[in-house]
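Below is one structure, written out as structure tokens; comments come after it.
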Amino acid sequence: MVGALERVLVCSPRTAGWNEPEYAARWRDLGFHHAPDFERAQAQHDALCRELATAGAEVIELAPAVDLSIDAVYTHDASLATDFGLIVMRPGKANRVAEGPHHSSFCETLDIPTLGQIIPPGTTEAGDIVWLDTNTLLIGHGYRTNADGIRQMRDLLAPKGVDVLSAPLPYGAGPSACLHLMSLISLIDEHTALVDLPWLAVETVELLKSRGFTFIEIDPSERDTLACNVLALGGKRLLAIEENHRTNARLREAGFDVRTFPGGELCVNGGGGPTCLTRPLLRG
């Protein structure tokens, strides 16, 4: 999750229908804080893509589809790229279930095969999934990813030599809110994790420490502006939301090169930061 980002899939607000009244009108039901401001969100997404390209990544825009919702802008959740092909997620949020098969068919045009897909009653969202190393996957068990989904992931990856571990998630704001494992932890290099420590389960903290990870804690005043949601670009380079000045300063003091983009409309409104906005397809 921390190698040089070489190829990445994104879905712009335009592609996700933020500029279409019938799509945008569902914002309350989908858990957005306010009605989407398309122009502002698209400008922020354009800034995100410029930073990705400047960092050396090939940025690929997902093709439009009629069954996408405005949540599709948070491209990370609907699929998981592995060395063996794409795994199609089955999100716990019902309006997002169509995204996974769309990722699969689109990625096949990029010569990326599909390894498998999660089927009912399993649910999985890739925002709950963290690669601790090339052979260890940590999956958060919460309202978006259930026990059967984790079992199916284990069945898919065990034959490939990948160990799948489960991490309990807190209740947080309840089932209507989006609380992913990656809401609480972002790996920023091979040995460092940015964490919202009070919200991590003790067993998760102990697991990470046993594997040699050190922690940088977010500033708690920036929890609601997604300070823990930081994308590793490789080589101690990070992409973060510019509004989180205190947490970004902590990262810079720790020796990281922090690039930023404005995310008040694109990220905070719908609850998805730079990791959520990107589906990495290839890392160095």
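Residue names in the structure tokens use chain letters A, B, ... in the order shown, residue numbers from 1 in each chain, and ligand numbers from 1 in the order shown.
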Write out as a list of chain:residue names the residues lying within 10 Å of Glu217 of chain A, counting only C-alpha atoms and excluding same-chain residues fewer than 3 positions away.
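In the requested form, the answer reads A:Leu184, A:Ile185, A:Ala193, A:Leu194, A:Val195, A:Asp196, A:Leu197, A:Pro198, A:Thr214, A:Pro220, A:Ala227, A:Cys228, A:Thr247, A:Arg250, A:Leu251.
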Quick one: residues within 10 Å of Arg151 of chain A, only C-alpha atoms counted, chain neighbours fewer than 5 positions away excluded, as a list of chain:residue names?
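Contacts, in chain order: A:Ile118, A:Gly122, A:Asn146, A:Leu156, A:Val164, A:Leu165, A:Ser166.
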Please identify all polymer residues within 6 Å of segment 70-82 of chain A, counting only C-alpha atoms, omitting same-chain residues fewer than 6 positions from it, and present them as a list in words.
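Near neighbours after the sequence-gap exclusion: Val10, Cys11, Ser12, Pro13, Ala16, Gly17, Trp18, Val88, Met89, Glu99, Gly100, Glu125, Ala126, Gly127, Cys276, Leu277, Thr278, Arg279 and Leu281 of chain A.
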Could you save those same residues with C-alpha atoms as a PDB file, in the first residue's frame?
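selection26.pdb, freshly written:
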ATOM      1  CA  VAL A  10     -10.584   7.478 -10.384  1.00  0.00           C
ATOM      2  CA  CYS A  11     -14.228   8.423 -10.887  1.00  0.00           C
ATOM      3  CA  SER A  12     -14.861  12.147 -11.211  1.00  0.00           C
ATOM      4  CA  PRO A  13     -17.957  13.868  -9.786  1.00  0.00           C
ATOM      5  CA  ALA A  16     -20.633   9.868 -10.757  1.00  0.00           C
ATOM      6  CA  GLY A  17     -23.544  12.161 -11.658  1.00  0.00           C
ATOM      7  CA  TRP A  18     -22.970  15.006  -9.212  1.00  0.00           C
ATOM      8  CA  VAL A  88     -14.981  -7.459  -6.930  1.00  0.00           C
ATOM      9  CA  MET A  89     -16.373  -6.167  -3.664  1.00  0.00           C
ATOM     10  CA  GLU A  99     -19.987  -0.472  -8.790  1.00  0.00           C
ATOM     11  CA  GLY A 100     -17.947  -3.657  -8.343  1.00  0.00           C
ATOM     12  CA  GLU A 125     -15.770  -2.665   1.072  1.00  0.00           C
ATOM     13  CA  ALA A 126     -12.114  -2.092   0.245  1.00  0.00           C
ATOM     14  CA  GLY A 127     -12.005   0.857   2.642  1.00  0.00           C
ATOM     15  CA  CYS A 276     -11.270   6.705  -0.873  1.00  0.00           C
ATOM     16  CA  LEU A 277     -11.087   8.715  -4.113  1.00  0.00           C
ATOM     17  CA  THR A 278      -8.488   6.410  -5.652  1.00  0.00           C
ATOM     18  CA  ARG A 279      -8.356   2.747  -6.638  1.00  0.00           C
ATOM     19  CA  LEU A 281      -4.117  -0.580  -9.776  1.00  0.00           C
TER      20      LEU A 281
END
Of the residues A:Asp37, A:Glu206, A:Glu20, A:Asp257, which is the one nearest to Gly270 of chain A, using only C-alpha atoms?
A:Asp37
Those of segment 21-166 of chain A in DSSP alpha helix (DSSP H), formatted as a PyMOL selection string:
chain A and resi 21-24+38-54+99-108+147-157
